[in-house]
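Next comes work_12.txt, with compact mmCIF, C-alpha atoms.
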```
# COMPACT_ATOMS: atom_id res chain seq x y z
CA MET V 141 17.72 -83.89 -19.34
CA TYR V 142 16.27 -84.39 -15.91
CA LYS V 143 16.14 -81.11 -14.12
CA LYS V 144 15.91 -81.22 -10.37
CA ARG V 145 12.93 -79.26 -9.12
CA ARG V 146 13.49 -77.00 -6.17
CA LYS V 147 11.69 -78.43 -3.21
CA ARG V 148 8.89 -76.07 -2.27
CA SER V 149 8.63 -75.07 1.33
CA ILE V 150 5.45 -75.52 3.33
CA PHE V 151 5.09 -71.71 3.25
CA ASP V 152 5.11 -71.65 -0.58
CA LEU V 153 2.46 -74.35 -0.62
CA MET V 154 0.36 -72.52 1.95
CA SER V 155 0.60 -69.28 0.04
CA GLU V 156 -0.43 -71.06 -3.20
CA TYR V 157 -3.41 -72.65 -1.44
CA MET V 158 -4.40 -69.27 -0.01
CA GLU V 159 -4.25 -67.63 -3.46
CA GLU V 160 -6.37 -70.43 -4.91
CA PHE V 161 -8.81 -70.09 -2.02
CA GLU V 162 -9.08 -66.32 -2.47
CA THR V 163 -9.78 -66.74 -6.21
CA LEU V 164 -12.55 -69.23 -5.38
CA ALA V 165 -13.97 -66.88 -2.76
CA ASP V 166 -13.97 -64.01 -5.29
CA GLU V 167 -15.80 -66.20 -7.81
CA LEU V 168 -18.37 -67.09 -5.17
CA ILE V 169 -18.96 -63.41 -4.37
CA GLU V 170 -19.32 -62.62 -8.09
CA SER V 171 -21.87 -65.42 -8.56
CA THR V 172 -23.89 -64.23 -5.55
CA PHE V 173 -24.31 -60.86 -7.23
CA ALA V 174 -25.71 -62.17 -10.52
CA GLU V 175 -24.98 -60.01 -13.54
CA ARG V 176 -28.47 -59.09 -14.66
CA PRO V 177 -30.29 -55.77 -15.08
CA SER V 178 -32.06 -54.23 -12.11
CA TRP V 179 -35.16 -53.67 -14.26
CA ASN V 180 -37.62 -55.68 -16.32
CA THR V 181 -39.59 -53.95 -19.07
CA GLU V 182 -41.99 -56.88 -19.58
CA SER V 183 -43.27 -56.81 -16.02
CA CYS V 184 -42.72 -53.00 -15.71
CA CYS V 185 -40.69 -53.62 -12.55
CA LEU V 186 -37.59 -52.08 -11.02
CA GLU V 187 -35.74 -54.37 -8.65
CA PRO V 188 -35.23 -52.69 -5.27
CA LEU V 189 -32.08 -53.23 -3.22
CA CYS V 190 -32.65 -56.07 -0.78
CA ASN V 191 -30.58 -57.82 1.87
CA VAL V 192 -30.94 -60.98 3.93
CA PHE V 193 -29.36 -61.39 7.39
CA VAL V 194 -29.34 -64.51 9.51
CA THR V 195 -29.28 -64.14 13.30
CA PRO V 196 -29.31 -67.03 15.81
CA ASP V 197 -33.12 -66.72 16.16
CA GLU V 198 -34.34 -65.00 13.03
CA VAL V 199 -33.91 -64.32 9.35
CA VAL V 200 -34.25 -60.59 8.70
CA ILE V 201 -34.97 -59.37 5.19
CA THR V 202 -34.80 -55.65 4.43
CA ALA V 203 -35.59 -53.85 1.18
CA ASP V 204 -35.19 -50.21 0.21
CA LEU V 205 -38.51 -49.16 -1.37
CA PRO V 206 -38.17 -45.54 -2.52
CA ASN V 207 -41.18 -44.03 -4.31
CA ALA V 208 -43.44 -46.88 -3.05
CA GLU V 209 -47.10 -46.35 -2.21
CA HIS V 210 -47.25 -47.34 1.43
CA GLU V 211 -50.60 -49.16 1.18
CA SER V 212 -49.55 -51.21 -1.85
CA VAL V 213 -46.54 -52.91 -0.21
CA LYS V 214 -47.12 -56.67 -0.29
CA VAL V 215 -45.08 -59.58 1.05
CA GLU V 216 -45.87 -63.10 -0.12
CA ALA V 217 -44.25 -66.45 0.65
CA LEU V 218 -44.01 -68.12 -2.79
CA SER V 219 -42.58 -71.28 -1.26
CA GLU V 220 -40.87 -72.36 1.95
CA ASP V 221 -37.69 -70.56 0.98
CA LEU V 222 -38.75 -67.90 -1.53
CA ILE V 223 -40.37 -64.56 -0.64
CA GLU V 224 -41.76 -61.96 -3.01
CA ILE V 225 -41.87 -58.27 -2.11
CA THR V 226 -43.91 -55.99 -4.39
CA ALA V 227 -45.02 -52.36 -4.23
CA LYS V 228 -46.68 -49.95 -6.62
CA MET V 229 -44.69 -46.80 -7.27
CA LYS V 230 -46.21 -43.40 -6.50
CA ARG V 231 -44.96 -42.12 -9.84
CA LYS V 232 -44.18 -44.13 -12.97
CA MET V 233 -40.56 -43.96 -14.13
CA ARG V 234 -39.32 -44.24 -17.68
CA PHE V 235 -35.79 -44.81 -18.99
CA ASP V 236 -36.02 -41.12 -19.95
CA ASP V 237 -36.13 -40.20 -16.26
CA PHE V 238 -32.71 -41.83 -15.90
CA GLY V 239 -31.46 -39.87 -18.93
CA ILE V 240 -31.41 -43.03 -21.07
CA THR V 241 -32.70 -42.50 -24.61
CA HIS V 242 -31.54 -45.74 -26.26
CA ARG V 243 -34.03 -47.97 -24.40
CA GLU V 244 -37.79 -47.84 -24.15
CA GLY V 245 -40.05 -48.85 -21.33
CA GLU V 246 -41.72 -47.64 -18.19
CA PHE V 247 -41.82 -48.93 -14.65
CA SER V 248 -44.77 -48.91 -12.26
CA PHE V 249 -43.73 -51.48 -9.65
CA LEU V 250 -40.88 -52.45 -7.38
CA ARG V 251 -40.36 -56.18 -7.08
CA CYS V 252 -37.74 -58.52 -5.67
CA GLN V 253 -37.62 -62.18 -4.65
CA PRO V 254 -35.16 -62.85 -1.84
CA ARG V 255 -34.35 -66.47 -1.01
CA MET V 256 -34.15 -67.83 2.55
CA PRO V 257 -30.71 -69.22 3.38
CA VAL V 258 -32.02 -71.36 6.30
CA PRO V 259 -35.46 -72.86 7.16
CA VAL V 260 -37.94 -70.36 8.68
CA ASP V 261 -41.56 -70.26 9.74
CA THR V 262 -43.08 -68.05 7.02
CA LYS V 263 -46.47 -67.98 8.76
CA ARG V 264 -45.08 -66.02 11.72
CA MET V 265 -43.39 -63.15 9.88
CA LYS V 266 -43.43 -59.63 11.35
CA ILE V 267 -43.40 -56.70 8.93
CA SER V 268 -42.54 -53.04 9.47
CA PHE V 269 -42.06 -50.19 6.98
CA LYS V 270 -40.12 -47.21 8.32
CA HIS V 271 -38.25 -44.50 6.48
CA GLY V 272 -38.85 -46.25 3.13
CA ILE V 273 -37.20 -49.44 4.41
CA LEU V 274 -39.28 -52.59 4.58
CA GLU V 275 -38.19 -55.03 7.27
CA ILE V 276 -39.50 -58.58 7.53
CA ARG V 277 -38.50 -60.83 10.43
CA PHE V 278 -39.01 -64.60 10.29
CA PRO V 279 -38.41 -66.90 13.27
CA ARG V 280 -35.96 -69.68 12.35
CA LYS V 281 -37.15 -73.28 12.51
CA ARG V 282 -35.42 -75.10 15.34
CA GLY V 283 -34.04 -78.62 15.07
CA HIS V 284 -33.95 -80.94 18.07
CA GLU V 285 -31.97 -80.31 21.20
CA ILE V 286 -28.87 -82.44 21.83
CA GLN V 287 -28.36 -83.54 25.42
CA VAL V 288 -25.06 -82.50 26.97
CA GLU V 289 -23.57 -85.47 28.81
CA MET D 32 7.02 -47.52 -18.55
CA SER D 33 3.95 -45.31 -18.54
CA GLU D 34 2.38 -44.30 -15.24
CA LEU D 35 -0.13 -46.81 -13.91
CA VAL D 36 -2.37 -44.05 -12.61
CA LYS D 37 -2.36 -40.53 -13.98
CA ILE D 38 -4.44 -37.41 -13.60
CA VAL D 39 -5.16 -35.55 -16.83
CA GLU D 40 -5.79 -31.85 -16.28
CA LYS D 41 -8.32 -30.18 -18.61
CA LYS D 42 -8.44 -26.70 -17.08
CA PRO D 43 -6.18 -24.61 -14.83
CA ILE D 44 -6.30 -26.03 -11.30
CA PRO D 45 -6.95 -23.54 -8.48
CA SER D 46 -4.28 -23.31 -5.80
CA GLY D 47 -5.08 -23.29 -2.07
CA ALA D 48 -8.54 -24.87 -2.44
CA THR D 49 -10.23 -27.38 -0.11
CA MET D 50 -10.17 -30.85 -1.69
CA LEU D 51 -13.29 -32.95 -1.18
CA TYR D 52 -13.54 -36.69 -1.71
CA GLY D 53 -16.87 -38.29 -2.59
CA LEU D 54 -16.01 -41.83 -3.57
CA PRO D 55 -18.48 -44.75 -3.50
CA ASP D 56 -18.63 -46.25 -0.01
CA VAL D 57 -21.26 -47.06 2.64
CA GLY D 58 -24.67 -45.61 1.79
CA LEU D 59 -22.98 -43.71 -1.08
CA VAL D 60 -23.00 -40.82 1.41
CA GLY D 61 -19.85 -39.11 0.12
CA LEU D 62 -20.73 -39.59 -3.54
CA ILE D 63 -24.26 -38.18 -3.12
CA ALA D 64 -23.02 -35.24 -1.00
CA THR D 65 -20.20 -34.35 -3.40
CA SER D 66 -22.29 -34.75 -6.57
CA TYR D 67 -24.94 -32.45 -5.09
CA LEU D 68 -22.33 -29.90 -4.08
CA ILE D 69 -20.80 -29.94 -7.57
CA SER D 70 -24.16 -29.06 -9.12
CA GLU D 71 -25.05 -26.51 -6.41
CA LEU D 72 -21.73 -24.66 -6.68
CA ASP D 73 -21.89 -24.81 -10.46
CA SER D 74 -18.37 -26.21 -10.74
CA GLU D 75 -16.84 -27.58 -13.91
CA GLU D 76 -14.76 -30.65 -14.72
CA ILE D 77 -11.11 -29.66 -14.39
CA ALA D 78 -9.37 -33.06 -14.49
CA TYR D 79 -9.94 -36.80 -14.64
CA MET D 80 -8.14 -39.98 -13.72
CA ASP D 81 -6.78 -42.30 -16.37
CA SER D 82 -5.60 -45.73 -15.27
CA ASP D 83 -5.27 -49.24 -16.64
CA LEU D 84 -6.08 -50.46 -13.11
CA LEU D 85 -9.68 -49.24 -13.44
CA PRO D 86 -12.30 -51.29 -15.31
CA PRO D 87 -12.75 -50.55 -19.03
CA VAL D 88 -15.68 -48.18 -18.54
CA VAL D 89 -16.62 -44.74 -19.84
CA VAL D 90 -19.68 -42.81 -18.73
CA LEU D 91 -21.76 -41.04 -21.37
CA HIS D 92 -23.12 -37.62 -20.48
CA GLU D 93 -25.11 -35.75 -23.12
CA GLY D 94 -23.75 -38.18 -25.68
CA LEU D 95 -20.08 -37.66 -24.89
CA PRO D 96 -17.69 -40.04 -23.11
CA HIS D 97 -16.27 -39.12 -19.72
CA ALA D 98 -13.92 -40.91 -17.32
CA PRO D 99 -15.82 -42.34 -14.35
CA LEU D 100 -13.38 -40.80 -11.84
CA ARG D 101 -13.45 -37.05 -12.35
CA ILE D 102 -12.32 -33.92 -10.54
CA TYR D 103 -14.46 -30.79 -10.48
CA GLY D 104 -13.57 -27.39 -9.16
CA ASN D 105 -14.14 -23.72 -8.65
CA LYS D 106 -11.78 -21.31 -6.92
CA ASN D 107 -12.57 -22.61 -3.41
CA PHE D 108 -13.21 -26.32 -3.90
CA ILE D 109 -11.71 -29.26 -5.74
CA ALA D 110 -14.11 -32.20 -5.64
CA VAL D 111 -13.33 -35.80 -6.58
CA ILE D 112 -16.17 -38.13 -7.53
CA SER D 113 -16.33 -41.56 -9.06
CA GLU D 114 -19.32 -43.05 -10.86
CA LEU D 115 -17.61 -46.40 -10.53
CA ALA D 116 -16.94 -48.42 -7.41
CA ILE D 117 -13.12 -48.36 -7.27
CA PRO D 118 -11.76 -51.92 -7.39
CA THR D 119 -10.08 -52.82 -4.11
CA ARG D 120 -6.88 -53.90 -5.87
CA ALA D 121 -6.52 -50.39 -7.39
CA LEU D 122 -7.53 -48.42 -4.31
CA HIS D 123 -4.09 -47.83 -2.78
CA ARG D 124 -2.58 -46.51 -5.99
CA VAL D 125 -5.63 -44.39 -6.82
CA MET D 126 -5.78 -42.76 -3.39
CA ARG D 127 -2.03 -42.19 -3.21
CA LYS D 128 -2.13 -40.50 -6.62
CA LEU D 129 -5.03 -38.25 -5.59
CA VAL D 130 -3.30 -37.21 -2.36
CA ASP D 131 0.02 -36.56 -4.16
CA TRP D 132 -1.77 -34.54 -6.83
CA GLY D 133 -3.67 -32.51 -4.22
CA GLN D 134 -0.42 -31.78 -2.41
CA ALA D 135 1.17 -30.59 -5.66
CA LYS D 136 -1.82 -28.26 -6.12
CA LYS D 137 -1.21 -26.89 -2.60
CA VAL D 138 -4.70 -27.71 -1.29
CA LYS D 139 -5.23 -26.26 2.17
CA MET D 140 -7.20 -29.23 3.52
CA MET D 141 -8.57 -32.58 2.34
CA VAL D 142 -12.07 -33.57 3.42
CA SER D 143 -13.44 -37.09 3.00
CA MET D 144 -17.21 -37.32 3.23
CA GLY D 145 -18.83 -40.63 4.04
CA GLY D 146 -20.90 -42.76 6.34
CA ILE D 147 -20.65 -44.84 9.47
CA PRO D 148 -22.94 -47.85 9.03
CA ILE D 149 -25.41 -48.46 11.83
CA GLU D 150 -27.85 -51.33 12.00
CA ASN D 151 -30.97 -49.43 13.11
CA ARG D 152 -30.59 -46.50 10.71
CA GLN D 153 -34.27 -46.61 9.68
CA VAL D 154 -35.42 -45.61 13.16
CA ILE D 155 -33.09 -42.59 13.35
CA ALA D 156 -34.71 -39.38 12.14
CA GLU D 157 -31.58 -37.24 12.11
CA PRO D 158 -28.28 -39.07 11.59
CA LYS D 159 -25.43 -37.83 13.75
CA VAL D 160 -22.16 -36.79 12.09
CA TYR D 161 -18.78 -37.79 13.52
CA GLY D 162 -15.40 -36.37 12.64
CA ALA D 163 -11.94 -37.85 12.24
CA ALA D 164 -8.74 -35.92 11.62
CA SER D 165 -5.09 -36.38 10.68
CA THR D 166 -3.72 -34.16 13.48
CA LYS D 167 -4.50 -33.31 17.11
CA GLU D 168 -5.11 -29.63 16.17
CA LEU D 169 -7.72 -30.60 13.60
CA LEU D 170 -9.41 -32.96 16.06
CA ASP D 171 -9.65 -30.04 18.51
CA MET D 172 -11.04 -27.83 15.74
CA LEU D 173 -13.76 -30.43 15.02
CA SER D 174 -14.64 -30.65 18.72
CA LYS D 175 -14.88 -26.85 18.93
CA LYS D 176 -17.31 -26.92 16.02
CA GLY D 177 -19.44 -29.28 18.10
CA LEU D 178 -18.62 -32.55 16.36
CA SER D 179 -18.06 -35.81 18.22
CA THR D 180 -14.87 -37.44 17.01
CA LEU D 181 -13.86 -41.03 16.37
CA ASN D 182 -11.30 -41.97 18.98
CA GLU D 183 -10.75 -45.72 18.68
CA GLY D 184 -11.60 -48.34 16.08
CA TYR D 185 -10.98 -49.22 12.46
CA MET D 186 -11.48 -47.17 9.32
CA VAL D 187 -11.58 -49.11 6.05
CA GLY D 188 -11.68 -47.90 2.45
CA PRO D 189 -10.94 -44.67 0.57
CA GLN D 190 -11.21 -42.34 3.58
CA ALA D 191 -8.90 -44.59 5.61
CA LEU D 192 -6.19 -44.29 2.96
CA THR D 193 -6.68 -40.53 2.52
CA MET D 194 -6.26 -40.13 6.27
CA ARG D 195 -3.13 -42.32 6.33
CA TYR D 196 -1.37 -40.71 3.37
CA CYS D 197 -2.27 -37.20 4.54
CA ALA D 198 -0.93 -37.92 8.03
CA GLU D 199 2.29 -39.26 6.42
CA LYS D 200 2.71 -36.14 4.30
CA LYS D 201 1.50 -33.75 7.01
CA ILE D 202 -1.40 -32.51 4.87
CA PRO D 203 -4.36 -31.34 6.99
CA ALA D 204 -7.17 -33.87 6.48
CA ILE D 205 -10.52 -34.53 8.08
CA ALA D 206 -13.33 -37.02 7.52
CA LEU D 207 -16.99 -36.16 8.08
CA LEU D 208 -18.96 -39.37 8.57
CA ALA D 209 -22.71 -39.52 9.12
CA GLN D 210 -24.59 -42.44 10.62
CA SER D 211 -25.96 -44.22 7.55
CA PHE D 212 -27.29 -47.37 5.96
CA TYR D 213 -24.54 -49.79 4.99
CA ASN D 214 -25.86 -50.87 1.63
CA TYR D 215 -28.78 -48.56 0.84
CA PRO D 216 -28.18 -45.10 -0.67
CA ASP D 217 -28.65 -42.51 2.07
CA PRO D 218 -29.30 -38.94 0.82
CA GLU D 219 -30.36 -37.79 4.32
CA ALA D 220 -26.99 -38.79 5.74
CA ALA D 221 -25.37 -36.93 2.82
CA ALA D 222 -27.37 -33.81 3.72
CA MET D 223 -26.19 -34.01 7.34
CA VAL D 224 -22.56 -34.27 6.22
CA LEU D 225 -23.00 -31.23 3.96
CA LYS D 226 -24.46 -29.24 6.86
CA GLU D 227 -21.30 -29.93 8.87
CA LEU D 228 -19.08 -29.15 5.89
CA SER D 229 -20.91 -25.85 5.56
CA LYS D 230 -20.08 -24.99 9.20
CA ILE D 231 -16.44 -26.02 8.96
CA THR D 232 -15.66 -24.31 5.67
CA GLU D 233 -18.01 -21.38 6.40
CA THR D 234 -19.67 -21.84 3.02
CA LYS D 235 -23.43 -21.63 2.57
CA ILE D 236 -24.82 -24.95 1.35
CA ASP D 237 -28.58 -25.31 0.98
CA VAL D 238 -29.49 -29.01 1.25
CA SER D 239 -33.25 -28.61 0.77
CA LYS D 240 -33.20 -29.74 -2.89
CA LEU D 241 -31.14 -32.77 -1.95
CA LEU D 242 -33.73 -33.80 0.64
CA GLU D 243 -36.58 -33.18 -1.81
CA LYS D 244 -34.92 -35.43 -4.41
CA GLY D 245 -34.13 -38.12 -1.84
CA GLU D 246 -36.46 -40.82 -3.17
CA GLU D 247 -35.43 -40.23 -6.77
CA ILE D 248 -31.74 -40.46 -5.81
CA ARG D 249 -32.37 -43.73 -3.95
CA LEU D 250 -34.00 -45.21 -7.05
CA LYS D 251 -31.28 -44.03 -9.39
CA ALA D 252 -28.41 -45.10 -7.13
CA ARG D 253 -29.47 -48.77 -6.88
CA ASP D 254 -26.99 -50.14 -9.41
CA ILE D 255 -23.91 -48.26 -8.23
CA MET D 256 -24.83 -49.15 -4.64
CA LYS D 257 -24.92 -52.84 -5.58
CA ARG D 258 -21.51 -52.68 -7.26
CA THR D 259 -20.10 -50.70 -4.34
CA GLN D 260 -21.38 -53.38 -1.99
CA GLN D 261 -19.35 -55.99 -3.91
CA GLU D 262 -16.20 -53.91 -3.50
CA MET D 263 -16.93 -53.29 0.18
CA THR D 264 -17.10 -57.08 0.62
CA HIS D 265 -13.71 -57.40 -1.12
CA MET D 266 -12.05 -54.74 1.03
CA LYS D 267 -13.61 -56.19 4.22
CA LYS D 268 -15.43 -52.97 5.07
CA SER D 269 -17.27 -54.83 7.82
CA GLN D 270 -14.05 -54.60 9.83
CA GLU D 271 -15.32 -51.16 10.87
CA TYR D 272 -17.72 -53.05 13.16
CA ASP D 273 -14.77 -54.80 14.88
CA LEU D 274 -13.72 -53.92 18.39
CA PRO D 275 -10.03 -53.08 18.52
CA LEU D 276 -7.59 -54.85 20.82
CA TYR D 277 -5.66 -52.60 23.15
CA VAL D 278 -3.88 -54.37 25.99
```

Show me, as structure tokens, the structure contained in the file I just sent.
Amino acid sequence: MYKKRRKRSIFDLMSEYMEEFETLADELIESTFAERPSWNTESCCLEPLCNVFVTPDEVVITADLPNAEHESVKVEALSEDLIEITAKMKRKMRFDDFGITHREGEFSFLRCQPRMPVPVDTKRMKISFKHGILEIRFPRKRGHEIQVE
Amino acid sequence: MSELVKIVEKKPIPSGATMLYGLPDVGLVGLIATSYLISELDSEEIAYMDSDLLPPVVVLHEGLPHAPLRIYGNKNFIAVISELAIPTRALHRVMRKLVDWGQAKKVKMMVSMGGIPIENRQVIAEPKVYGAASTKELLDMLSKKGLSTLNEGYMVGPQALTMRYCAEKKIPAIALLAQSFYNYPDPEAAAMVLKELSKITETKIDVSKLLEKGEEIRLKARDIMKRTQQEMTHMKKSQEYDLPLYV
């Protein structure tokens, strides 16, 4: 038998759209933080924490490099939008040092590869290393100016 | 229907203690400070939280399973830590339960330890500690101890809820918040918070070992920091940067 559906109000629809939108936003956040280990036994690397910020003029990348030998810190532009940060650790770490006995491997390096969210000039980067925090600043590439009529 | 969030007591709970909160938040300041204090004061696990709202995780220590959210204590302190970033959707119930439980145990004061994120943290040699309180008398007490207090603005996360529920229930509560990194573990900020806690509670706390182990802690805390950052994004922690509207 035909059952008359209650007409949904604009508020119900809006609330449904918002819920859907929030679920999508959550999924996007989850995918940004990929579920993979923060270590790699093949390359003997621990992945340091790293963040990318975009300002109107610059892209600023920071990385926390505890236990890094200051002189060994290296920043390399692998491509126009991919940077590699590496550093040798002052002291090797093993899984044992983390109390983990069911895995084997040791780590001598810190390495991460942040990606640029917008075009930058990688040749003009400025690097500083203070308090164990590496900071790299890249000027953003400018487009063309649009005349205001 | 069974309780959604319950606290399982393993040992007798001291009465009249100071209850400390060290839950994952900016720079993991509170978690690092509280974990260090637990080992320094040689306290033992007295209770843990059991809840279907928390992720299906146990933490193994010396081969045995433990709940990630645990409560330690000695006769003067009750300290809450979590080795798991508390999911935003569970945060209200978890914090309300902890405050209710603390009240039932007649704690004399609740202290949240944490951080205030600042952008240029790496150029600051000695992070400053700010205080917040649930009552005017406690704010005055913090000022007398030489602490600057937070007067306007937003607080977001576990310490915000502790403050709100304690104010509701008239339980004395303060927050000690050190300038810190937002998303990098900050043992130095944790040490500064402990120094202030030491003054306020008149308890000797030696932070030298914490500072010595700083680099090791930063390496070991990478994963929990990353997961905490996800939850901070969910709970819109960045609102603490917002300027409030008062007309």

* Asked: So which residues touch Glu187 (chain V) within 6 Å, counting all atoms listed in the file, skipping near sequence neighbours fewer than 2 positions away, as number ranges by chain?
  -> V: 178-179, 250-252

Please, which residues in chain D fall within 12 Å of chain V when counting all atoms listed in the file, and what is the closest atom pair and distance in Å to one decimal for each, ordered by chain then residue number, as JSON lines?
```
{"residue": "D:Gly58", "atom": "CA", "partner": "V:Asp204", "partner_atom": "CA", "distance": 11.6}
{"residue": "D:Val90", "atom": "CA", "partner": "V:Ile240", "partner_atom": "CA", "distance": 12.0}
{"residue": "D:Leu91", "atom": "CA", "partner": "V:Ile240", "partner_atom": "CA", "distance": 9.9}
{"residue": "D:His92", "atom": "CA", "partner": "V:Gly239", "partner_atom": "CA", "distance": 8.8}
{"residue": "D:Glu93", "atom": "CA", "partner": "V:Gly239", "partner_atom": "CA", "distance": 8.7}
{"residue": "D:Gly94", "atom": "CA", "partner": "V:Thr241", "partner_atom": "CA", "distance": 10.0}
{"residue": "D:Thr119", "atom": "CA", "partner": "V:Asp166", "partner_atom": "CA", "distance": 11.9}
{"residue": "D:Glu150", "atom": "CA", "partner": "V:Thr202", "partner_atom": "CA", "distance": 11.1}
{"residue": "D:Asn151", "atom": "CA", "partner": "V:Lys270", "partner_atom": "CA", "distance": 10.6}
{"residue": "D:Arg152", "atom": "CA", "partner": "V:His271", "partner_atom": "CA", "distance": 9.0}
{"residue": "D:Gln153", "atom": "CA", "partner": "V:His271", "partner_atom": "CA", "distance": 5.5}
{"residue": "D:Val154", "atom": "CA", "partner": "V:Lys270", "partner_atom": "CA", "distance": 6.9}
{"residue": "D:Ile155", "atom": "CA", "partner": "V:His271", "partner_atom": "CA", "distance": 8.8}
{"residue": "D:Ala156", "atom": "CA", "partner": "V:His271", "partner_atom": "CA", "distance": 8.4}
{"residue": "D:Glu157", "atom": "CA", "partner": "V:His271", "partner_atom": "CA", "distance": 11.4}
{"residue": "D:Phe212", "atom": "CA", "partner": "V:Asp204", "partner_atom": "CA", "distance": 10.2}
{"residue": "D:Tyr213", "atom": "CA", "partner": "V:Asn191", "partner_atom": "CA", "distance": 10.5}
{"residue": "D:Asn214", "atom": "CA", "partner": "V:Leu189", "partner_atom": "CA", "distance": 8.2}
{"residue": "D:Tyr215", "atom": "CA", "partner": "V:Asp204", "partner_atom": "CA", "distance": 6.6}
{"residue": "D:Pro216", "atom": "CA", "partner": "V:Asp204", "partner_atom": "CA", "distance": 8.7}
{"residue": "D:Asp217", "atom": "CA", "partner": "V:Asp204", "partner_atom": "CA", "distance": 10.3}
{"residue": "D:Pro218", "atom": "CA", "partner": "V:Pro206", "partner_atom": "CA", "distance": 11.5}
{"residue": "D:Glu219", "atom": "CA", "partner": "V:His271", "partner_atom": "CA", "distance": 10.6}
{"residue": "D:Lys244", "atom": "CA", "partner": "V:Asn207", "partner_atom": "CA", "distance": 10.6}
{"residue": "D:Gly245", "atom": "CA", "partner": "V:Pro206", "partner_atom": "CA", "distance": 8.5}
{"residue": "D:Glu246", "atom": "CA", "partner": "V:Pro206", "partner_atom": "CA", "distance": 5.1}
{"residue": "D:Glu247", "atom": "CA", "partner": "V:Asn207", "partner_atom": "CA", "distance": 7.3}
{"residue": "D:Ile248", "atom": "CA", "partner": "V:Pro206", "partner_atom": "CA", "distance": 8.8}
{"residue": "D:Arg249", "atom": "CA", "partner": "V:Pro206", "partner_atom": "CA", "distance": 6.2}
{"residue": "D:Leu250", "atom": "CA", "partner": "V:Pro206", "partner_atom": "CA", "distance": 6.2}
{"residue": "D:Lys251", "atom": "CA", "partner": "V:Phe238", "partner_atom": "CA", "distance": 7.0}
{"residue": "D:Ala252", "atom": "CA", "partner": "V:Leu189", "partner_atom": "CA", "distance": 9.7}
{"residue": "D:Arg253", "atom": "CA", "partner": "V:Leu189", "partner_atom": "CA", "distance": 6.3}
{"residue": "D:Asp254", "atom": "CA", "partner": "V:Ser178", "partner_atom": "CA", "distance": 7.1}
{"residue": "D:Ile255", "atom": "CA", "partner": "V:Leu189", "partner_atom": "CA", "distance": 10.8}
{"residue": "D:Met256", "atom": "CA", "partner": "V:Leu189", "partner_atom": "CA", "distance": 8.4}
{"residue": "D:Lys257", "atom": "CA", "partner": "V:Leu189", "partner_atom": "CA", "distance": 7.5}
{"residue": "D:Arg258", "atom": "CA", "partner": "V:Phe173", "partner_atom": "CA", "distance": 8.6}
{"residue": "D:Thr259", "atom": "CA", "partner": "V:Phe173", "partner_atom": "CA", "distance": 11.4}
{"residue": "D:Gln260", "atom": "CA", "partner": "V:Phe173", "partner_atom": "CA", "distance": 9.6}
{"residue": "D:Gln261", "atom": "CA", "partner": "V:Ile169", "partner_atom": "CA", "distance": 7.4}
{"residue": "D:Glu262", "atom": "CA", "partner": "V:Ile169", "partner_atom": "CA", "distance": 9.9}
{"residue": "D:Met263", "atom": "CA", "partner": "V:Ile169", "partner_atom": "CA", "distance": 11.3}
{"residue": "D:Thr264", "atom": "CA", "partner": "V:Ile169", "partner_atom": "CA", "distance": 8.3}
{"residue": "D:His265", "atom": "CA", "partner": "V:Asp166", "partner_atom": "CA", "distance": 7.8}
{"residue": "D:Met266", "atom": "CA", "partner": "V:Asp166", "partner_atom": "CA", "distance": 11.4}
```

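Proximity to Pro189 (chain D) was assessed for D:Ser143, D:Ser113, D:Thr49, D:Ser70 counting all atoms listed in the file; the smallest distance is recorded for D:Ser143.
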
* Figure out the distance between CA of Arg255 (chain V) and CA of Lys214 (chain V), please, to one decimal in Å. => 16.1 Å

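A straight line drawn from CA of Glu162 (chain V) to CA of Gly188 (chain D) is 19.2 Å long.
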
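Pairwise distance (CA of Thr193 (chain D), CA of Asp73 (chain D)) equals 25.4 Å.
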
Region 198-205 of chain D rebuilt with N, CA and C atoms, output as a short mmCIF file (atom, residue, chain, number, x, y, z; two decimals), in the coordinates of the input:
```cif
data_model
loop_
_atom_site.label_atom_id
_atom_site.label_comp_id
_atom_site.auth_asym_id
_atom_site.auth_seq_id
_atom_site.Cartn_x
_atom_site.Cartn_y
_atom_site.Cartn_z
N ALA D 198 -1.68 -37.98 6.78
CA ALA D 198 -0.93 -37.92 8.03
C ALA D 198 0.57 -38.09 7.73
N GLU D 199 0.90 -39.03 6.82
CA GLU D 199 2.29 -39.26 6.42
C GLU D 199 2.94 -38.00 5.87
N LYS D 200 2.15 -37.30 5.03
CA LYS D 200 2.71 -36.14 4.30
C LYS D 200 2.43 -34.83 5.02
N LYS D 201 1.83 -34.94 6.21
CA LYS D 201 1.50 -33.75 7.01
C LYS D 201 0.58 -32.78 6.25
N ILE D 202 -0.38 -33.34 5.53
CA ILE D 202 -1.40 -32.51 4.87
C ILE D 202 -2.61 -32.51 5.80
N PRO D 203 -3.18 -31.34 6.13
CA PRO D 203 -4.36 -31.34 6.99
C PRO D 203 -5.51 -32.11 6.32
N ALA D 204 -6.07 -33.08 7.06
CA ALA D 204 -7.17 -33.87 6.48
C ALA D 204 -8.20 -34.19 7.55
N ILE D 205 -9.46 -34.10 7.17
CA ILE D 205 -10.52 -34.53 8.08
C ILE D 205 -11.48 -35.46 7.34
#
```
